file structure-v6.cif (mmCIF, C-alpha atoms)
data_my_file
loop_
_atom_site.label_atom_id
_atom_site.label_comp_id
_atom_site.auth_asym_id
_atom_site.auth_seq_id
_atom_site.Cartn_x
_atom_site.Cartn_y
_atom_site.Cartn_z
CA MET A 6 148.64 80.27 77.16
CA ASN A 7 151.40 82.92 77.09
CA SER A 8 153.94 83.46 79.85
CA VAL A 9 152.18 86.54 81.23
CA THR A 10 148.90 84.62 81.64
CA VAL A 11 150.72 81.68 83.23
CA TYR A 12 152.39 83.85 85.86
CA GLN A 13 149.17 85.76 86.56
CA LYS A 14 147.39 82.49 87.23
CA LEU A 15 150.37 81.35 89.25
CA VAL A 16 150.17 84.37 91.55
CA GLN A 17 146.44 83.76 92.03
CA SER A 18 147.12 80.10 92.78
CA ILE A 19 149.75 80.93 95.37
CA GLY A 20 147.39 83.38 97.08
CA TRP A 21 144.45 80.97 97.27
CA ASN A 22 146.69 78.03 98.24
CA ALA A 23 148.29 80.03 101.03
CA CYS A 24 145.00 81.37 102.42
CA GLU A 25 143.30 77.98 102.32
CA SER A 26 146.19 76.01 103.77
CA ILE A 27 146.84 78.49 106.59
CA VAL A 28 143.20 78.53 107.74
CA TYR A 29 142.82 74.78 107.24
CA HIS A 30 145.89 73.80 109.22
CA VAL A 31 145.42 76.33 112.00
CA LEU A 32 142.00 74.77 112.59
CA TYR A 33 143.44 71.27 112.29
CA ALA A 34 146.29 72.00 114.72
CA LEU A 35 143.90 73.51 117.28
CA HIS A 36 141.63 70.47 116.91
CA GLN A 37 144.53 68.11 117.58
CA ILE A 38 145.73 70.08 120.61
CA VAL A 39 142.24 70.12 122.17
CA LEU A 40 141.70 66.44 121.33
CA PHE A 41 145.05 65.57 122.91
CA ASN A 42 144.02 67.27 126.15
CA THR A 43 140.48 65.80 126.12
CA VAL A 44 140.78 62.07 125.49
CA PRO A 45 142.91 59.61 127.50
CA TYR A 46 146.53 59.38 126.39
CA GLU A 47 146.25 55.77 125.20
CA GLU A 48 143.03 56.46 123.30
CA TYR A 49 144.61 59.44 121.56
CA GLY A 50 147.44 57.12 120.52
CA ARG A 51 144.95 54.63 119.03
CA ILE A 52 143.12 57.43 117.18
CA SER A 53 146.49 58.67 115.88
CA VAL A 54 147.48 55.24 114.58
CA ALA A 55 144.06 54.75 112.93
CA PHE A 56 144.19 58.07 111.07
CA SER A 57 147.83 57.68 110.08
CA MET A 58 147.16 54.22 108.67
CA LEU A 59 144.07 55.46 106.83
CA TYR A 60 146.02 58.18 105.05
CA LEU A 61 148.94 55.82 104.61
CA ALA A 62 146.54 53.53 102.72
CA VAL A 63 145.37 56.46 100.57
CA TRP A 64 148.97 57.23 99.69
CA ILE A 65 149.83 53.61 98.92
CA LEU A 66 146.71 52.89 96.86
CA ASP A 67 147.33 55.96 94.70
CA LEU A 68 150.04 53.93 92.93
CA GLY A 69 151.43 57.05 91.22
CA PHE A 70 148.03 58.04 89.74
CA ASP A 71 148.01 61.53 91.23
CA THR A 72 151.59 62.22 90.12
CA ALA A 73 150.90 61.09 86.54
CA LEU A 74 148.17 63.69 86.03
CA CYS A 75 150.58 66.62 85.74
CA PRO A 76 153.32 65.71 83.21
CA PHE A 77 150.76 64.30 80.74
CA TRP A 78 148.17 67.03 81.33
CA PHE A 79 148.43 68.72 77.95
CA PHE A 80 147.82 65.40 76.23
CA TRP A 81 144.87 63.94 78.08
CA SER A 82 142.98 67.18 78.80
CA GLN A 83 142.29 68.01 75.14
CA SER A 84 139.02 66.13 74.64
CA LYS A 85 136.36 64.05 76.37
CA LYS A 86 137.61 60.91 74.66
CA ARG A 87 141.14 61.39 75.96
CA VAL A 88 139.94 62.22 79.47
CA VAL A 89 137.86 59.05 79.67
CA SER A 90 140.63 56.92 78.16
CA PHE A 91 143.39 58.32 80.39
CA LEU A 92 141.44 58.24 83.65
CA THR A 93 139.98 54.78 82.98
CA TYR A 94 143.37 53.28 82.19
CA ASN A 95 145.03 54.81 85.23
CA SER A 96 142.20 54.15 87.70
CA ILE A 97 142.07 50.37 87.15
CA PRO A 98 145.18 49.50 89.26
CA THR A 99 143.97 51.76 92.09
CA ILE A 100 140.46 50.29 92.05
CA ILE A 101 141.82 46.72 92.15
CA ALA A 102 144.19 47.59 95.00
CA TRP A 103 141.36 49.28 96.95
CA ILE A 104 139.10 46.21 96.56
CA LEU A 105 141.84 43.89 97.80
CA LEU A 106 142.59 46.15 100.75
CA SER A 107 138.89 46.45 101.61
CA ILE A 108 138.57 42.67 101.68
CA ALA A 109 141.61 42.46 103.97
CA ILE A 110 140.19 45.15 106.28
CA MET A 111 136.84 43.36 106.54
CA LEU A 112 138.60 40.11 107.46
CA VAL A 113 140.62 41.70 110.28
CA GLY A 114 138.81 41.49 113.61
CA THR A 115 141.52 42.86 115.87
CA PHE A 116 144.49 45.13 115.39
CA HIS A 117 147.32 45.25 117.94
CA GLY A 118 144.97 43.97 120.64
CA TYR A 119 142.19 46.44 119.76
CA HIS A 120 138.83 45.03 118.59
CA VAL A 121 137.71 46.59 115.32
CA ALA A 122 133.93 46.56 114.86
CA PRO A 123 132.64 45.47 111.40
CA SER A 124 130.91 48.83 110.92
CA LEU A 125 134.19 50.66 111.61
CA ARG A 126 135.97 48.47 109.07
CA LEU A 127 133.34 49.30 106.45
CA ILE A 128 133.49 53.02 107.24
CA THR A 129 137.29 52.95 106.97
CA SER A 130 137.19 51.27 103.55
CA ILE A 131 134.70 53.78 102.15
CA ALA A 132 136.61 56.70 103.70
CA ILE A 133 139.79 55.56 101.96
CA ALA A 134 137.97 55.53 98.60
CA ALA A 135 136.47 58.97 99.25
CA GLU A 136 139.88 60.40 100.15
CA ILE A 137 141.44 58.98 96.97
CA VAL A 138 138.71 60.58 94.82
CA ARG A 139 139.04 63.85 96.72
CA ARG A 140 142.80 63.89 96.23
CA LEU A 141 142.62 63.22 92.48
CA SER A 142 139.84 65.77 91.96
CA LYS A 143 141.84 68.45 93.76
CA THR A 144 144.88 67.79 91.55
CA ILE A 145 142.80 68.21 88.40
CA LEU A 146 141.36 71.46 89.75
CA GLN A 147 144.88 72.67 90.54
CA LEU A 148 145.87 72.07 86.92
CA LEU A 149 142.79 74.06 85.88
CA PHE A 150 143.79 76.88 88.26
CA LYS A 151 140.48 76.42 90.12
CA ASN A 152 142.17 77.17 93.42
CA ARG A 153 139.22 79.09 94.83
CA ASP A 154 136.97 76.04 94.41
CA ILE A 155 139.58 73.88 96.13
CA ALA A 156 139.78 76.36 99.01
CA VAL A 157 135.99 76.26 99.46
CA ALA A 158 135.91 72.44 99.39
CA GLU A 159 138.81 72.12 101.84
CA LEU A 160 137.42 74.59 104.34
CA ILE A 161 134.00 72.92 104.19
CA PHE A 162 135.77 69.60 104.78
CA ILE A 163 137.75 70.65 107.85
CA GLY A 164 134.92 72.80 109.24
CA SER A 165 132.30 70.07 108.95
CA TYR A 166 134.65 67.42 110.35
CA ILE A 167 135.64 69.41 113.44
CA SER A 168 132.01 70.45 114.03
CA CYS A 169 130.83 66.83 113.86
CA VAL A 170 133.53 65.53 116.21
CA TRP A 171 132.94 68.12 118.91
CA SER A 172 129.16 67.93 118.53
CA ILE A 173 129.47 64.23 119.35
CA TRP A 174 131.57 65.10 122.39
CA ALA A 175 129.07 67.79 123.50
CA MET A 176 126.31 65.17 123.49
CA GLY A 177 128.26 63.19 126.09
CA ILE A 178 129.50 60.50 123.72
CA PRO A 179 133.16 59.57 124.34
CA LEU A 180 135.63 60.35 121.55
CA THR A 181 137.08 57.08 120.29
CA VAL A 182 138.46 55.74 117.03
CA TYR A 183 134.90 55.07 115.86
CA THR A 184 133.46 58.49 116.74
CA THR A 185 136.38 60.30 115.07
CA VAL A 186 136.63 58.21 111.88
CA ALA A 187 132.88 58.20 111.12
CA PRO A 188 132.68 62.03 110.79
CA LEU A 189 135.71 61.87 108.49
CA LEU A 190 133.74 59.74 106.04
CA ALA A 191 130.85 62.21 105.89
CA SER A 192 133.15 65.22 105.46
CA SER A 193 135.25 63.46 102.80
CA LEU A 194 132.18 62.57 100.76
CA ILE A 195 130.91 66.17 100.88
CA SER A 196 134.29 67.62 99.85
CA ALA A 197 134.82 65.02 97.11
CA LEU A 198 131.35 65.76 95.71
CA ILE A 199 132.11 69.50 95.55
CA CYS A 200 135.39 68.89 93.72
CA LEU A 201 133.88 66.32 91.36
CA THR A 202 131.09 68.74 90.44
CA GLN A 203 133.66 71.28 89.24
CA VAL A 204 135.63 68.62 87.35
CA LEU A 205 132.47 67.43 85.58
CA ARG A 206 131.62 71.01 84.65
CA TRP A 207 135.03 71.33 82.98
CA TYR A 208 134.63 67.94 81.30
CA ARG A 209 131.28 68.84 79.73
CA ALA A 210 132.84 71.92 78.10
CA LEU A 211 135.50 69.85 76.29
CA ALA A 212 135.28 68.83 72.65
CA ASP A 213 134.35 65.24 71.94
CA GLN A 214 137.48 64.62 69.87
CA SER A 215 140.94 66.19 69.87
CA ASN A 216 142.10 68.21 66.87
CA THR A 217 145.56 66.65 67.02
CA ASP A 218 146.57 63.09 66.17
CA ASP A 219 149.24 62.84 68.86
CA GLU A 220 149.26 59.52 70.65
CA LEU A 221 150.63 58.76 74.07
CA HIS A 222 151.77 55.20 74.58
CA TYR A 223 150.40 53.96 77.87
CA SER A 224 153.55 51.97 78.48
CA ARG A 225 155.24 55.34 78.94
CA ILE A 226 152.67 56.30 81.58
CA ALA A 227 152.99 52.91 83.28
CA ARG A 228 156.77 53.28 83.46
CA PHE A 229 156.42 56.80 84.86
CA ARG A 230 153.90 55.66 87.49
CA LEU A 231 156.12 52.75 88.52
CA TYR A 232 159.14 54.93 89.22
CA SER A 233 157.04 57.73 90.68
CA TYR A 234 155.39 55.28 93.05
CA GLY A 235 158.76 53.86 94.05
CA ASN A 236 159.97 57.37 94.79
CA SER A 237 156.83 58.10 96.86
CA MET A 238 157.32 54.94 98.86
CA GLY A 239 160.90 55.98 99.53
CA THR A 240 159.83 59.31 101.01
CA LEU A 241 156.90 57.67 102.80
CA PHE A 242 159.22 56.05 105.34
CA PHE A 243 160.16 59.51 106.60
CA SER A 244 156.60 60.86 106.87
CA SER A 245 154.42 61.11 109.99
CA ASN A 246 151.84 58.79 108.41
CA PHE A 247 154.45 56.03 108.59
CA LEU A 248 156.37 57.02 111.71
CA VAL A 249 153.31 57.31 113.96
CA PRO A 250 152.05 53.72 113.33
CA LEU A 251 155.65 52.47 113.47
CA PHE A 252 156.25 54.03 116.89
CA GLY A 253 152.84 52.80 118.05
CA LEU A 254 153.71 49.21 117.17
CA LYS A 255 157.36 49.26 118.32
CA PHE A 256 157.27 51.56 121.34
CA GLY A 257 153.62 51.80 122.43
CA ALA A 258 150.59 54.05 121.90
CA SER A 259 152.01 56.80 124.14
CA HIS A 260 154.94 57.33 121.76
CA ALA A 261 152.52 57.35 118.82
CA GLY A 262 150.34 59.95 120.52
CA LEU A 263 153.34 62.17 121.28
CA LEU A 264 154.56 62.07 117.67
CA LYS A 265 151.03 62.49 116.31
CA LEU A 266 150.43 65.73 118.19
CA SER A 267 153.84 67.18 117.37
CA GLY A 268 153.52 65.81 113.84
CA SER A 269 150.16 67.52 113.44
CA VAL A 270 151.60 70.88 114.54
CA VAL A 271 154.74 70.54 112.41
CA HIS A 272 152.73 69.18 109.51
CA SER A 273 150.28 72.06 109.76
CA ILE A 274 153.16 74.53 109.47
CA THR A 275 155.15 72.84 106.74
CA ILE A 276 152.19 71.70 104.63
CA VAL A 277 151.35 75.36 104.05
CA LEU A 278 154.72 75.62 102.31
CA GLN A 279 154.22 72.35 100.44
CA LYS A 280 150.74 73.22 99.20
CA THR A 281 151.70 76.73 98.19
CA PHE A 282 155.12 76.17 96.67
CA GLY A 283 154.68 72.54 95.58
CA ASN A 284 151.67 73.35 93.41
CA ALA A 285 153.28 76.57 92.20
CA CYS A 286 156.40 74.64 91.27
CA LYS A 287 154.38 72.16 89.22
CA ALA A 288 152.60 74.98 87.40
CA ILE A 289 155.76 76.91 86.51
CA LEU A 290 157.90 73.92 85.53
CA ALA A 291 155.10 72.32 83.50
CA ASN A 292 154.68 75.51 81.50
CA THR A 293 158.42 76.06 81.00
CA ARG A 294 159.24 72.46 80.12
CA SER A 295 159.15 73.11 76.35
CA ASN A 296 161.26 76.28 76.68
CA ASN A 297 165.02 76.47 76.93
CA ASP A 298 167.01 75.37 79.96
CA ILE A 299 167.62 78.93 81.10
CA THR A 300 163.88 79.54 81.55
CA GLN A 301 163.51 76.44 83.71
CA LYS A 302 166.58 77.40 85.71
CA GLU A 303 165.11 80.85 86.36
CA ALA A 304 161.79 79.32 87.42
CA PHE A 305 163.53 76.87 89.75
CA CYS A 306 165.66 79.59 91.34
CA THR A 307 162.67 81.91 91.76
CA ILE A 308 160.68 79.30 93.65
CA THR A 309 163.57 78.15 95.86
CA ARG A 310 164.47 81.76 96.65
CA TYR A 311 161.18 82.34 98.47
CA LEU A 312 160.73 78.77 99.73
CA TYR A 313 164.16 78.52 101.33
CA GLN A 314 163.91 81.93 103.01
CA LEU A 315 160.66 80.82 104.65
CA LEU A 316 162.28 77.57 105.73
CA TYR A 317 165.23 79.44 107.22
CA GLY A 318 162.78 81.71 109.01
CA LEU A 319 160.80 78.73 110.32
CA LEU A 320 164.00 77.18 111.65
CA ILE A 321 164.96 80.43 113.42
CA PHE A 322 161.50 80.72 114.95
CA CYS A 323 161.60 77.16 116.29
CA ILE A 324 165.13 77.54 117.71
CA ILE A 325 164.21 80.71 119.61
CA ASN A 326 160.87 79.32 120.84
CA HIS A 327 161.86 75.67 121.22
CA ARG A 328 160.90 75.45 124.90
CA PHE A 329 157.38 76.71 124.26
CA LEU A 330 156.90 74.41 121.27
CA ILE A 331 158.13 71.35 123.19
CA HIS A 332 155.87 72.26 126.11
CA ILE A 333 152.67 72.49 124.04
CA SER A 334 153.61 69.29 122.22
CA GLY A 335 153.24 67.33 125.45
CA ALA A 336 156.87 66.36 126.04
CA ALA A 337 157.18 65.43 129.73
CA ASP A 338 160.93 64.76 129.89
CA LEU A 339 164.24 65.17 128.05
CA HIS A 340 163.78 61.93 126.11
CA SER A 341 160.43 63.08 124.71
CA GLY A 342 161.88 66.50 123.90
CA ILE A 343 164.73 64.95 121.88
CA LEU A 344 162.21 62.81 119.97
CA LEU A 345 160.19 65.89 119.05
CA ILE A 346 163.28 67.82 117.90
CA LEU A 347 164.47 64.97 115.68
CA PHE A 348 160.97 64.48 114.29
CA PHE A 349 160.80 68.19 113.46
CA VAL A 350 164.17 68.10 111.65
CA ILE A 351 163.02 65.14 109.51
CA SER A 352 159.79 66.95 108.65
CA LEU A 353 161.66 70.15 107.79
CA LEU A 354 164.08 68.35 105.47
CA ASP A 355 161.15 67.12 103.36
CA ASN A 356 160.34 70.72 102.45
CA PHE A 357 163.82 71.29 101.00
CA ALA A 358 163.14 68.41 98.60
CA ILE A 359 159.84 69.82 97.22
CA THR A 360 161.30 71.57 94.18
CA TYR A 361 163.59 68.67 93.29
CA GLU A 362 160.69 66.21 93.31
CA LYS A 363 158.54 68.43 91.08
CA LEU A 364 161.42 69.06 88.66
CA TYR A 365 162.01 65.35 88.09
CA GLU A 366 158.29 64.58 87.89
CA ILE A 367 157.59 67.24 85.26
CA ASN A 368 160.56 66.06 83.19
CA GLU A 369 159.35 62.44 83.53
CA ARG A 370 162.49 61.33 85.37
CA PRO A 371 161.28 60.04 88.74
CA ASP A 372 163.50 57.01 88.13
CA LEU A 373 166.53 59.11 89.07
CA LEU A 374 165.04 60.08 92.43
CA CYS A 375 163.87 56.51 92.91
CA LEU A 376 167.51 55.38 92.93
CA PHE A 377 168.47 57.33 96.05
CA ASN A 378 165.13 56.86 97.80
CA GLY A 379 165.40 53.12 97.10
CA ILE A 380 168.67 53.04 99.02
CA GLY A 381 167.00 54.98 101.83
CA THR A 382 164.10 52.53 101.87
CA LEU A 383 166.48 49.58 102.12
CA LEU A 384 168.28 51.18 105.07
CA MET A 385 164.93 51.95 106.72
CA MET A 386 163.80 48.34 106.39
CA ILE A 387 166.98 47.26 108.16
CA LEU A 388 166.37 49.78 110.96
CA ILE A 389 162.71 48.80 111.40
CA THR A 390 163.50 45.11 111.82
CA SER A 391 166.28 45.82 114.35
CA SER A 392 165.88 46.29 118.09
CA ILE A 393 167.17 49.87 118.05
CA SER A 394 165.53 52.31 120.49
CA ALA A 395 163.49 55.39 119.54
CA VAL A 396 166.09 58.19 119.73
CA PRO A 397 168.91 56.41 117.81
CA LEU A 398 166.33 55.37 115.21
CA LEU A 399 165.36 58.99 114.52
CA VAL A 400 169.02 60.12 114.55
CA ILE A 401 169.94 57.60 111.85
CA MET A 402 166.81 58.50 109.87
CA THR A 403 167.82 62.17 109.98
CA LEU A 404 171.31 61.37 108.65
CA ILE A 405 169.83 59.22 105.87
CA ARG A 406 167.45 62.02 104.83
CA ILE A 407 170.26 64.61 104.78
CA SER A 408 172.43 62.30 102.67
CA ILE A 409 169.64 61.68 100.14
CA LEU A 410 168.93 65.41 99.84
CA ALA A 411 172.63 66.20 99.28
CA LEU A 412 173.02 63.48 96.64
CA THR A 413 169.85 64.68 94.88
CA GLY A 414 171.21 68.23 94.74
CA CYS A 415 174.51 67.05 93.24
CA MET A 416 172.73 64.89 90.66
CA THR A 417 170.40 67.73 89.66
CA PHE A 418 173.29 70.09 89.03
CA ALA A 419 175.17 67.43 87.04
CA ILE A 420 172.18 66.67 84.77
CA TYR A 421 170.30 69.98 84.44
CA ARG A 422 172.94 72.47 85.61
CA ILE A 423 170.25 73.71 88.03
CA SER A 424 170.84 74.58 91.67
CA PRO A 425 168.54 76.14 94.27
CA TYR A 426 168.80 79.71 95.50
CA GLN A 427 170.37 79.16 98.91
CA THR A 428 171.62 82.65 99.75
CA ILE A 429 170.30 84.00 103.03
CA GLU A 430 168.64 87.39 102.59
CA PRO A 431 169.51 89.49 105.67
CA ILE A 432 166.41 91.71 105.67
CA PHE A 433 164.00 88.75 105.68
CA ILE A 434 165.98 86.83 108.27
CA LEU A 435 166.22 89.90 110.50
CA GLY A 436 162.45 90.28 110.29
CA MET A 437 161.97 86.64 111.30
CA ILE A 438 164.34 87.06 114.24
CA LEU A 439 162.39 90.09 115.48
CA LEU A 440 159.08 88.27 115.03
CA SER A 441 160.42 85.21 116.87
CA LEU A 442 161.71 87.35 119.73
CA CYS A 443 158.34 89.12 120.04
CA PHE A 444 156.62 85.74 120.23
CA PHE A 445 159.15 84.61 122.83
CA LEU A 446 158.55 87.67 124.99
CA PHE A 447 154.79 87.06 125.00
CA PHE A 448 154.66 83.26 125.22
CA GLY A 449 158.17 82.07 126.07
CA ASN A 450 157.51 81.83 129.81
CA THR A 451 154.06 80.16 129.59
#
call {"tool": "encode", "arguments": {"input": "structure-v6.cif", "output": "structure tokens"}}
result
Amino acid sequence: MNSVTVYQKLVQSIGWNACESIVYHVLYALHQIVLFNTVPYEEYGRISVAFSMLYLAVWILDLGFDTALCPFWFFWSQSKKRVVSFLTYNSIPTIIAWILLSIAIMLVGTFHGYHVAPSLRLITSIAIAAEIVRRLSKTILQLLFKNRDIAVAELIFIGSYISCVWSIWAMGIPLTVYTTVAPLLASSLISALICLTQVLRWYRALADQSNTDDELHYSRIARFRLYSYGNSMGTLFFSSNFLVPLFGLKFGASHAGLLKLSGSVVHSITIVLQKTFGNACKAILANTRSNNDITQKEAFCTITRYLYQLLYGLLIFCIINHRFLIHISGAADLHSGILLILFFVISLLDNFAITYEKLYEINERPDLLCLFNGIGTLLMMILITSSISAVPLLVIMTLIRISILALTGCMTFAIYRISPYQTIEPIFILGMILLSLCFFLFFGNT
């Protein structure tokens, strides 16, 4: 595949990723806002903790499988034999971990004083498996530039899930953890089936054997997955999927519900950037890995140029419209407002790290990122076990995240002589200021 073809497919990928993620997360954010205002505050907190822990389990059980698909793509995608060998080898640890977790879930009768019905435990276990399969299938389709198929599967997923949940509510059935998790299972299975169908169609078109004799030692993959997983666990401590259950256990379900709603809105905004630019970054860097350093530098700067401008614009928008955003997030006092602001800053910082993470993953050096994130994880463990209150906890977490990002930037420049494009472009920023002011004039006083 020549460079022209790669960039053509890249542009198509960015377009489909952006369209799908915007529609998906607008619907998801609206669903969360309506749900927040429909169910009791405590119940919304329990639903928030349940969903966060479910997706936390998906992330943990991945064990670096999803990340390993990309850097070794051109090896294992050459023939049916290699596909079967690679996927079988890498799926075994995840399958074993899922079985052990499922057994543990089935043995737990109560969680934090809340009785968990056996049927809900079974549904949760199957939903975790379906989400893992859906996630891996989507990554393969991204590598195949089948972004339109992913968009269809994702929109069917979110559309069917929201329809099921509110159909249950329309029938007079209360929305609880059970009646919100059960529809997730059905929607996940449908979406996973759509993605798997496309993956199998690609698999059937492959040759039985590869024409090359190149061998990939699986110890190399295992080492990559180990460090990649360690890096993922380091960033996990700063994600909403970890912070929401943490605040639910330490400070009560009301705190969890507050962070879940704001986290859903912030996540819906920033995930559009992550899906669009994260996948684009993987595609460009993977296809420029064998070229000279200048090509990879140019690719890195091109991506960060557009990503960082959007992040600057997002920050400007939130500063100008902070009162409106805090109001719709459900903050009732100054303490809650400070929590939301700190939570937003932590979420925003993750987006500045997107390109760094992809660069080290594609070059098979997640061990370098794992070093700094390991230090962050150690500090987080100390904070979690202490009796520190909510606001100081988030302040210290913000400082840790900024420090890790700064150290990562310095290390990247020292090793690869690569730095992001950080210059503020006045025309774009001026446009964002005008847009933010227009929004403020229409909604600022509501």
call {"tool": "resolve_selection", "arguments": {"input": "structure-v6.cif", "expression": "the PyMOL selection byres ((chain A and resi 157) around 10)", "output": "ChimeraX atom specification"}}
result
/A:21,25,152-156,158-162,196,199-200
call {"tool": "atom_distance", "arguments": {"input": "structure-v6.cif", "atom1": "CA of Met402 in chain A", "atom2": "CA of Leu384 in chain A"}}
result
8.9 Å
call {"tool": "resolve_selection", "arguments": {"input": "structure-v6.cif", "expression": "the PyMOL selection byres ((chain A and resi 203) around 12)", "output": "ChimeraX atom specification"}}
result
/A:139,142-147,149-155,157-158,196-202,204-210
call {"tool": "residues_around", "arguments": {"input": "structure-v6.cif", "residues": "Asn368 in chain A", "least_positions_apart": "2", "cutoff": "9 Å", "atoms": "all atoms listed in the file", "output": "list in words"}}
result
Pro76, Leu290, Ala291, Arg294, Lys363, Leu364, Tyr365, Glu366, Arg370 and Pro371 of chain A
call {"tool": "resolve_selection", "arguments": {"input": "structure-v6.cif", "expression": "the PyMOL selection byres ((chain A and resi 314) around 9)", "output": "MDAnalysis selection string"}}
result
chainID A and resid 309:313 315:319 427:430 433:434
call {"tool": "residues_around", "arguments": {"input": "structure-v6.cif", "residues": "Gln214 in chain A", "least_positions_apart": "5", "cutoff": "8 Å", "atoms": "all atoms listed in the file", "output": "list in words"}}
result
Gln83, Ser84, Lys85, Lys86 and Arg87 of chain A
call {"tool": "write_last_selection", "arguments": {"input": "structure-v6.cif", "atoms": "C-alpha atoms", "output": "short mmCIF file (atom, residue, chain, number, x, y, z; two decimals), keeping the file's coordinate frame"}}
result
data_model
loop_
_atom_site.label_atom_id
_atom_site.label_comp_id
_atom_site.auth_asym_id
_atom_site.auth_seq_id
_atom_site.Cartn_x
_atom_site.Cartn_y
_atom_site.Cartn_z
CA GLN A 83 142.29 68.01 75.14
CA SER A 84 139.02 66.13 74.64
CA LYS A 85 136.36 64.05 76.37
CA LYS A 86 137.61 60.91 74.66
CA ARG A 87 141.14 61.39 75.96
#
call {"tool": "closest_residue", "arguments": {"input": "structure-v6.cif", "among": "A:Val16, A:Leu59, A:Ile65, A:Leu35", "to": "Ile167 in chain A", "atoms": "only C-alpha atoms"}}
result
A:Leu35
call {"tool": "residues_around", "arguments": {"input": "structure-v6.cif", "residues": "Val396 in chain A", "least_positions_apart": "3", "cutoff": "10 Å", "atoms": "only C-alpha atoms", "output": "mmCIF file with C-alpha atoms, keeping the file's coordinate frame"}}
result
data_model
loop_
_atom_site.group_PDB
_atom_site.id
_atom_site.type_symbol
_atom_site.label_atom_id
_atom_site.label_comp_id
_atom_site.auth_asym_id
_atom_site.auth_seq_id
_atom_site.Cartn_x
_atom_site.Cartn_y
_atom_site.Cartn_z
ATOM 1 C CA HIS A 340 163.780 61.930 126.110
ATOM 2 C CA SER A 341 160.430 63.080 124.710
ATOM 3 C CA ILE A 343 164.730 64.950 121.880
ATOM 4 C CA LEU A 344 162.210 62.810 119.970
ATOM 5 C CA LEU A 345 160.190 65.890 119.050
ATOM 6 C CA LEU A 347 164.470 64.970 115.680
ATOM 7 C CA PHE A 348 160.970 64.480 114.290
ATOM 8 C CA ILE A 393 167.170 49.870 118.050
ATOM 9 C CA LEU A 399 165.360 58.990 114.520
ATOM 10 C CA VAL A 400 169.020 60.120 114.550
ATOM 11 C CA ILE A 401 169.940 57.600 111.850
ATOM 12 C CA MET A 402 166.810 58.500 109.870
#
call {"tool": "residues_around", "arguments": {"input": "structure-v6.cif", "residues": "Phe247 in chain A", "least_positions_apart": "4", "cutoff": "8 Å", "atoms": "only C-alpha atoms", "output": "number ranges by chain"}}
result
A: 57-58, 61, 241-243, 251
call {"tool": "residues_near_point", "arguments": {"input": "structure-v6.cif", "point": "(133.2, 55.5, 109.0)", "cutoff": "8 Å", "atoms": "all atoms listed in the file", "output": "list in words"}}
result
Ser124, Leu125, Arg126, Leu127, Ile128, Thr129, Ser130, Ile131, Ala132, Tyr183, Val186, Ala187, Pro188, Leu189, Leu190 and Ala191 of chain A
call {"tool": "closest_residue", "arguments": {"input": "structure-v6.cif", "among": "A:Ile289, A:Leu68, A:Ile52, A:Val138", "to": "Ile19 in chain A", "atoms": "all atoms listed in the file"}}
result
A:Ile289
call {"tool": "axis_aligned_box", "arguments": {"input": "structure-v6.cif", "around": "range 369-382 of chain A", "padding_each_side": "3 Å", "output": "JSON"}}
result
{"center_x": 164.0, "center_y": 57.5, "center_z": 92.7, "size_x": 15.3, "size_y": 15.9, "size_z": 24.3}
call {"tool": "atom_distance", "arguments": {"input": "structure-v6.cif", "atom1": "CA of Tyr361 in chain A", "atom2": "CA of Glu136 in chain A"}}
result
26.0 Å
call {"tool": "closest_residue", "arguments": {"input": "structure-v6.cif", "among": "A:Ile100, A:Leu248, A:Ile308, A:Leu412", "to": "Ile389 in chain A", "atoms": "all atoms listed in the file"}}
result
A:Leu248
call {"tool": "atom_distance", "arguments": {"input": "structure-v6.cif", "atom1": "CA of Ile325 in chain A", "atom2": "CA of Leu446 in chain A"}}
result
10.5 Å
call {"tool": "residues_around", "arguments": {"input": "structure-v6.cif", "residues": "Val88 in chain A", "least_positions_apart": "5", "cutoff": "10 Å", "atoms": "only C-alpha atoms", "output": "list of chain:residue names"}}
result
A:Trp78, A:Phe80, A:Trp81, A:Ser82, A:Gln83, A:Thr93, A:Tyr94, A:Tyr208, A:Leu211, A:Asp213
call {"tool": "closest_residue", "arguments": {"input": "structure-v6.cif", "among": "A:Asn326, A:Asn236, A:Ser168, A:Thr43", "to": "Phe445 in chain A", "atoms": "only C-alpha atoms"}}
result
A:Asn326
call {"tool": "closest_residue", "arguments": {"input": "structure-v6.cif", "among": "A:Leu439, A:Val63, A:Leu141, A:Leu32", "to": "Ile321 in chain A", "atoms": "only C-alpha atoms"}}
result
A:Leu439
call {"tool": "closest_residue", "arguments": {"input": "structure-v6.cif", "among": "A:Tyr29, A:Phe357, A:Tyr49, A:Tyr234", "to": "Leu180 in chain A", "atoms": "all atoms listed in the file"}}
result
A:Tyr49
